[in-house]
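As stored in final-v9.cif (mmCIF, C-alpha atoms and all ligand atoms):
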```cif
data_data
#
loop_
_atom_site.label_atom_id
_atom_site.label_comp_id
_atom_site.auth_asym_id
_atom_site.auth_seq_id
_atom_site.Cartn_x
_atom_site.Cartn_y
_atom_site.Cartn_z
CA MET A 1 5.01 -12.19 9.27
CA LEU A 2 5.40 -14.50 6.31
CA LEU A 3 4.51 -13.32 2.84
CA LYS A 4 3.21 -16.43 1.08
CA SER A 5 2.71 -15.23 -2.46
CA LEU A 6 2.36 -12.29 -4.78
CA GLU A 7 0.20 -12.36 -7.90
CA ILE A 8 0.79 -9.67 -10.48
CA GLN A 9 -1.17 -8.98 -13.65
CA GLY A 10 -0.93 -5.97 -15.93
CA PHE A 11 1.33 -4.20 -13.42
CA LYS A 12 4.37 -2.39 -14.86
CA SER A 13 6.51 -4.95 -16.75
CA PHE A 14 4.19 -7.91 -15.94
CA PRO A 15 1.43 -8.08 -18.61
CA ASP A 16 0.66 -11.75 -17.90
CA LYS A 17 -0.59 -13.20 -14.65
CA THR A 18 2.59 -14.01 -12.71
CA LYS A 19 2.63 -15.74 -9.34
CA LEU A 20 5.64 -15.60 -7.03
CA THR A 21 5.63 -17.87 -4.00
CA PHE A 22 7.88 -17.20 -1.02
CA GLY A 23 9.10 -19.86 1.38
CA ALA A 24 10.35 -19.37 4.93
CA GLY A 25 13.73 -17.64 5.19
CA ILE A 26 15.33 -15.34 2.68
CA THR A 27 14.17 -14.96 -0.90
CA ALA A 28 16.51 -13.22 -3.33
CA VAL A 29 15.34 -11.90 -6.67
CA VAL A 30 18.12 -11.78 -9.22
CA GLY A 31 18.11 -10.63 -12.83
CA PRO A 32 19.71 -8.27 -15.32
CA ASN A 33 19.29 -4.50 -15.10
CA GLY A 34 15.81 -3.39 -16.10
CA SER A 35 14.33 -6.89 -15.91
CA GLY A 36 11.69 -5.91 -13.35
CA LYS A 37 13.19 -6.75 -9.92
CA SER A 38 12.23 -3.42 -8.36
CA ASN A 39 8.80 -3.65 -9.99
CA ILE A 40 8.17 -6.61 -7.66
CA SER A 41 8.79 -4.53 -4.53
CA ASP A 42 6.75 -1.70 -6.12
CA ALA A 43 3.90 -4.23 -6.47
CA VAL A 44 4.12 -5.03 -2.74
CA ARG A 45 4.04 -1.32 -1.81
CA TRP A 46 1.25 -0.64 -4.26
CA VAL A 47 -1.06 -3.44 -3.11
CA LEU A 48 -0.67 -2.20 0.47
CA GLY A 49 -2.11 1.16 -0.57
CA GLU A 50 0.87 3.27 -1.66
CA GLN A 51 -0.51 6.51 -3.17
CA SER A 52 2.74 8.31 -3.92
CA THR A 53 3.59 8.00 -7.61
CA ARG A 54 7.10 9.22 -6.79
CA THR A 55 7.63 6.29 -4.39
CA LEU A 56 6.32 4.02 -7.14
CA ARG A 57 8.86 5.57 -9.50
CA GLY A 58 6.25 6.99 -11.87
CA ALA A 59 4.76 10.36 -12.80
CA LYS A 60 1.09 9.42 -12.51
CA MET A 61 -0.82 6.44 -11.13
CA GLU A 62 -1.61 5.20 -14.66
CA ASP A 63 2.12 4.46 -15.04
CA VAL A 64 1.66 1.30 -12.97
CA VAL A 65 -0.44 -0.24 -15.76
CA PHE A 66 1.50 -2.23 -18.37
CA ALA A 67 2.08 0.33 -21.13
CA GLY A 68 2.64 -2.12 -23.99
CA ALA A 69 5.74 -3.34 -25.77
CA ALA A 70 6.81 -4.01 -29.35
CA THR A 71 4.87 -7.27 -29.43
CA ARG A 72 2.24 -6.64 -26.71
CA LYS A 73 -0.76 -4.37 -26.44
CA ALA A 74 -1.07 -2.13 -23.39
CA GLN A 75 -3.30 -3.49 -20.62
CA GLY A 76 -6.48 -1.81 -19.43
CA PHE A 77 -5.90 -2.45 -15.74
CA ALA A 78 -3.32 -3.57 -13.21
CA GLU A 79 -4.04 -6.04 -10.45
CA VAL A 80 -1.83 -7.24 -7.60
CA SER A 81 -2.72 -9.68 -4.80
CA LEU A 82 -0.51 -10.25 -1.78
CA THR A 83 -1.17 -13.30 0.39
CA ILE A 84 0.10 -13.29 3.96
CA ASP A 85 0.25 -16.11 6.48
CA ASN A 86 -1.79 -14.86 9.44
CA SER A 87 -1.82 -18.05 11.54
CA ASP A 88 -0.15 -16.04 14.34
CA ARG A 89 -2.91 -13.35 14.07
CA ARG A 90 -0.34 -10.54 13.81
CA ILE A 91 -2.91 -8.92 11.56
CA ASP A 92 -6.17 -8.19 13.35
CA PHE A 93 -8.23 -10.33 10.98
CA ASP A 94 -9.62 -13.67 12.08
CA LYS A 95 -8.35 -15.80 9.21
CA ASP A 96 -5.19 -17.90 8.82
CA THR A 97 -4.53 -16.37 5.42
CA VAL A 98 -5.07 -12.76 4.42
CA THR A 99 -5.12 -11.78 0.75
CA VAL A 100 -5.08 -8.10 -0.12
CA THR A 101 -5.94 -7.18 -3.70
CA ARG A 102 -5.73 -3.84 -5.47
CA ARG A 103 -7.02 -3.26 -8.98
CA TYR A 104 -6.60 -0.05 -10.93
CA TYR A 105 -8.21 0.82 -14.27
CA ARG A 106 -6.83 3.37 -16.72
CA SER A 107 -10.09 5.27 -16.23
CA GLY A 108 -8.87 6.05 -12.71
CA ASP A 109 -11.25 3.66 -10.90
CA SER A 110 -9.65 1.51 -8.27
CA GLU A 111 -10.75 -1.30 -6.01
CA TYR A 112 -9.34 -2.88 -2.90
CA MET A 113 -10.28 -6.33 -1.64
CA LEU A 114 -9.60 -8.33 1.49
CA ASN A 115 -10.04 -12.05 0.94
CA LYS A 116 -12.12 -11.22 -2.16
CA THR A 117 -14.49 -8.85 -0.34
CA ASN A 118 -14.50 -5.22 -1.45
CA VAL A 119 -13.12 -2.85 1.17
CA ARG A 120 -11.96 0.77 1.36
CA LEU A 121 -8.34 1.91 1.28
CA LYS A 122 -8.94 3.15 4.85
CA ASP A 123 -9.67 -0.47 5.92
CA ILE A 124 -6.38 -1.66 4.42
CA ASN A 125 -4.45 1.17 6.08
CA GLU A 126 -6.01 0.47 9.46
CA LEU A 127 -5.44 -3.28 9.19
CA PHE A 128 -1.72 -2.94 8.51
CA MET A 129 -1.06 -0.07 10.87
CA ASP A 130 1.54 -1.02 13.51
CA THR A 131 2.44 -4.25 11.69
CA GLY A 132 5.41 -2.57 9.96
CA LEU A 133 4.10 -3.76 6.61
CA GLY A 134 1.63 -0.97 5.83
CA ARG A 135 2.03 2.00 3.54
CA ASP A 136 4.20 3.88 6.05
CA GLY A 137 5.77 0.74 7.47
CA TYR A 138 9.45 0.08 7.80
CA SER A 139 9.48 -3.38 6.20
CA ILE A 140 10.33 -2.17 2.74
CA ILE A 141 13.64 -0.35 2.75
CA GLY A 142 14.10 1.13 -0.70
CA GLN A 143 17.24 2.56 -2.22
CA GLY A 144 18.25 5.71 -0.33
CA LYS A 145 15.87 5.01 2.58
CA ILE A 146 18.64 4.48 5.13
CA ALA A 147 20.24 7.80 4.12
CA ASP A 148 16.79 9.44 4.44
CA ILE A 149 16.34 8.02 7.96
CA VAL A 150 19.75 9.19 9.10
CA ALA A 151 19.26 12.67 7.62
CA SER A 152 15.61 13.10 8.66
CA ARG A 153 14.31 15.38 11.41
CA SER A 154 14.08 13.66 14.78
CA GLU A 155 10.23 13.99 14.75
CA ASP A 156 10.11 12.06 11.46
CA ARG A 157 12.53 9.47 12.75
CA ARG A 158 10.37 9.04 15.84
CA GLU A 159 7.46 7.95 13.60
CA ILE A 160 9.46 4.90 12.50
CA PHE A 161 10.02 3.87 16.12
CA GLU A 162 6.38 4.56 16.95
CA GLU A 163 5.27 2.25 14.15
CA ALA A 164 7.66 -0.45 15.42
CA ALA A 165 6.46 0.02 19.01
CA GLY A 166 2.82 -0.22 17.94
CA ILE A 167 1.88 3.33 18.90
CA SER A 168 0.85 4.63 15.45
CA LYS A 169 -2.57 2.97 15.67
CA TYR A 170 -3.41 4.86 18.88
CA ARG A 171 -2.13 8.16 17.46
CA TYR A 172 -4.31 7.59 14.40
CA ARG A 173 -7.37 6.72 16.52
CA LYS A 174 -6.82 9.81 18.69
CA HIS A 175 -6.65 11.96 15.55
CA GLU A 176 -9.85 10.35 14.19
CA ALA A 177 -11.66 10.92 17.53
CA GLU A 178 -10.53 14.58 17.59
CA ARG A 179 -11.77 15.02 14.01
CA ARG A 180 -15.16 13.56 14.91
CA LEU A 181 -15.34 15.73 18.02
CA GLU A 182 -14.64 18.84 15.92
CA LYS A 183 -17.40 17.84 13.49
CA ALA A 184 -19.84 17.28 16.36
CA GLU A 185 -18.97 20.70 17.79
CA GLU A 186 -19.56 22.35 14.39
CA ASN A 187 -22.96 20.60 14.17
CA LEU A 188 -23.79 21.78 17.66
CA VAL A 189 -23.01 25.40 16.74
CA ARG A 190 -25.23 25.09 13.65
CA LEU A 191 -28.01 23.55 15.69
CA ARG A 192 -27.80 26.38 18.26
CA ASP A 193 -28.05 28.94 15.42
CA ILE A 194 -31.17 27.25 14.04
CA LEU A 195 -32.70 27.05 17.51
CA SER A 196 -32.06 30.74 18.21
CA GLU A 197 -33.66 31.63 14.86
CA LEU A 198 -36.75 29.61 15.78
CA GLU A 199 -37.08 31.17 19.22
P1 LIG A 201 17.90 -2.44 -11.96
O1 LIG A 201 18.66 -3.69 -11.66
O2 LIG A 201 18.54 -1.61 -13.02
O3 LIG A 201 17.50 -1.64 -10.75
P2 LIG A 201 15.30 -3.75 -12.16
O4 LIG A 201 15.43 -5.20 -12.48
O5 LIG A 201 15.00 -3.40 -10.75
O6 LIG A 201 16.51 -2.92 -12.70
P3 LIG A 201 12.86 -2.41 -12.76
O7 LIG A 201 13.21 -1.00 -12.42
O8 LIG A 201 12.03 -3.18 -11.80
O9 LIG A 201 14.17 -3.22 -13.13
O10 LIG A 201 12.09 -2.45 -14.16
C1 LIG A 201 12.30 -1.52 -15.15
C2 LIG A 201 11.58 -2.02 -16.38
O11 LIG A 201 10.18 -2.00 -16.18
C3 LIG A 201 11.89 -1.11 -17.55
O12 LIG A 201 12.25 -1.92 -18.65
C4 LIG A 201 10.57 -0.42 -17.84
O13 LIG A 201 10.37 -0.17 -19.20
C5 LIG A 201 9.58 -1.44 -17.32
N1 LIG A 201 8.32 -0.79 -16.96
C6 LIG A 201 8.08 0.04 -15.92
N2 LIG A 201 6.80 0.47 -15.95
C7 LIG A 201 6.22 -0.11 -17.03
C8 LIG A 201 4.92 -0.05 -17.60
N3 LIG A 201 3.93 0.66 -17.06
N4 LIG A 201 4.68 -0.79 -18.71
C9 LIG A 201 5.66 -1.54 -19.27
N5 LIG A 201 6.90 -1.65 -18.79
C10 LIG A 201 7.19 -0.93 -17.67
#
```

The structure in this file should be written as C-alpha cells.
Amino acid sequence: MLLKSLEIQGFKSFPDKTKLTFGAGITAVVGPNGSGKSNISDAVRWVLGEQSTRTLRGAKMEDVVFAGAATRKAQGFAEVSLTIDNSDRRIDFDKDTVTVTRRYYRSGDSEYMLNKTNVRLKDINELFMDTGLGRDGYSIIGQGKIADIVASRSEDRREIFEEAAGISKYRYRKHEAERRLEKAEENLVRLRDILSELE
C-alpha cells in the first residue's frame, strides 16, 4: 500500500501547512534531534485514529496541537490528512485515492473525514482493519515495539499475526454481532416484563 502524501497543519511542531509527498520505495526522514522527525510518524498514527496520548508521546490529546513558540502563537486546532494510493483496492473503498483527515480543536471537538466527507472514527477503524495500517496495525514499528512484541504474552502476540492474516475484521464483526444480540435479548426481557404487567 503506497502512502502518497501527508499534509500537516497545526500538529505538534508543524504550525504551517506542510505537505510531504512519498514516492515508491524507501523514504528516509533525516534531521537533527528534536527537529520533528517522530512527529511525522505521530501524525500518521494520529490521522488513522490513535486515541492513546501515551503512544502519541503526550499527556493529553490537546498536546498534539501546536503549543506556540517564541515567535509564533499557539494554534487553535490540528489537522492531518493522509492520502493513500488505493488503485489496487487493498482498502475496501471504491476510489483510486483515499484521503483520511482528522481535525482536533482545543475545545475537544474532533472530526474525521474520508475523501472530504465527514465520517465516524468507527468508520475509519473498520476501513483500515486487516490492512496492517490501522490504529492497531503493525505497519508503524515505534521505538521499543520489537522488544514489546518479544516480551508480550502469546495471546497479545497472536493479535499481530491475526491482523496480518486478515482475521481481525471477522473477530471484530463477531464481537459486534454478539453485542447486538445481547442488546436484543435485554430488550426482549423488558418487553416480556411490560407484557406480563399488561396481562
Ligand atoms: P529525536 O531525533 O531526538 O528523536 P525528533 O526529530 O524525532 O527527535 P520529535 O520528537 O519529532 O523530534 O519532535 C520534538 C519537538 O517537537 C520538540 O522540540 C517539541 O518541543 C516539539 N513539539 C512537540 N509537541 C509540540 C506542540 N504541541 N507544540 C509545539 N512543539 C511541539

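The residue that comes closest to ligand LIG 201 (chain A), out of A:Phe14, A:Tyr170, A:Phe77, A:Phe128 and on the basis of only C-alpha atoms and all ligand atoms, is A:Phe14.
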
Residues near Leu6 of chain A, anyone? I mean within 6 Å using all atoms listed in the file, not counting same-chain ones fewer than 2 positions away, as a ChimeraX atom specification. /A:19-20,81-82

Give me, as number ranges by chain, all polymer residues having an atom no more than 8 Å from segment 161-165 of chain A, counting all atoms listed in the file and skipping those fewer than 5 positions away in the same chain. A: 129-132, 137-138

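When all atoms listed in the file are used to measure the gap to ligand LIG 201 (chain A), the shortest distance among A:Ala43, A:Ile194, A:Ala67, A:Val80 belongs to A:Ala67.
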
Which residues of chain A come within 12 Å of ligand LIG 201 (chain A), and what is each one's closest atom pair and distance in Å (one decimal), counting all atoms listed in the file, sorted by chain and residue number, as CSV?
```
residue,atom,partner,partner_atom,distance
A:Gln9,CA,A:LIG201,N4,11.3
A:Gly10,CA,A:LIG201,N4,8.1
A:Phe11,CA,A:LIG201,N3,6.6
A:Lys12,CA,A:LIG201,C8,3.6
A:Ser13,CA,A:LIG201,N5,3.9
A:Phe14,CA,A:LIG201,C9,7.3
A:Pro15,CA,A:LIG201,C9,7.8
A:Asp16,CA,A:LIG201,C9,11.5
A:Val29,CA,A:LIG201,O4,8.9
A:Val30,CA,A:LIG201,O4,7.8
A:Gly31,CA,A:LIG201,O4,6.1
A:Pro32,CA,A:LIG201,O1,6.0
A:Asn33,CA,A:LIG201,O1,3.6
A:Gly34,CA,A:LIG201,O9,3.4
A:Ser35,CA,A:LIG201,O4,4.0
A:Gly36,CA,A:LIG201,O8,3.2
A:Lys37,CA,A:LIG201,O4,3.7
A:Ser38,CA,A:LIG201,O8,3.5
A:Asn39,CA,A:LIG201,O8,3.7
A:Ile40,CA,A:LIG201,O8,6.6
A:Ser41,CA,A:LIG201,O8,8.1
A:Asp42,CA,A:LIG201,O8,7.9
A:Ala43,CA,A:LIG201,O8,9.8
A:Thr53,CA,A:LIG201,N2,11.7
A:Leu56,CA,A:LIG201,N2,9.5
A:Arg57,CA,A:LIG201,O7,8.4
A:Gly58,CA,A:LIG201,N2,7.7
A:Ala59,CA,A:LIG201,N2,10.6
A:Lys60,CA,A:LIG201,N3,10.3
A:Met61,CA,A:LIG201,N3,9.5
A:Glu62,CA,A:LIG201,N3,7.6
A:Asp63,CA,A:LIG201,N3,4.7
A:Val64,CA,A:LIG201,N3,4.7
A:Val65,CA,A:LIG201,N3,4.6
A:Phe66,CA,A:LIG201,N4,3.5
A:Ala67,CA,A:LIG201,N4,3.7
A:Gly68,CA,A:LIG201,C9,5.6
A:Ala69,CA,A:LIG201,C9,6.7
A:Ala70,CA,A:LIG201,C9,10.4
A:Thr71,CA,A:LIG201,C9,11.7
A:Arg72,CA,A:LIG201,C9,9.6
A:Lys73,CA,A:LIG201,C9,10.0
A:Ala74,CA,A:LIG201,N4,7.5
A:Gln75,CA,A:LIG201,N4,8.6
A:Gly76,CA,A:LIG201,N3,11.0
A:Phe77,CA,A:LIG201,N3,10.4
A:Ala78,CA,A:LIG201,N3,9.2
A:Arg106,CA,A:LIG201,N3,11.1
A:Gly142,CA,A:LIG201,O3,11.0
A:Gln143,CA,A:LIG201,O3,9.5
```
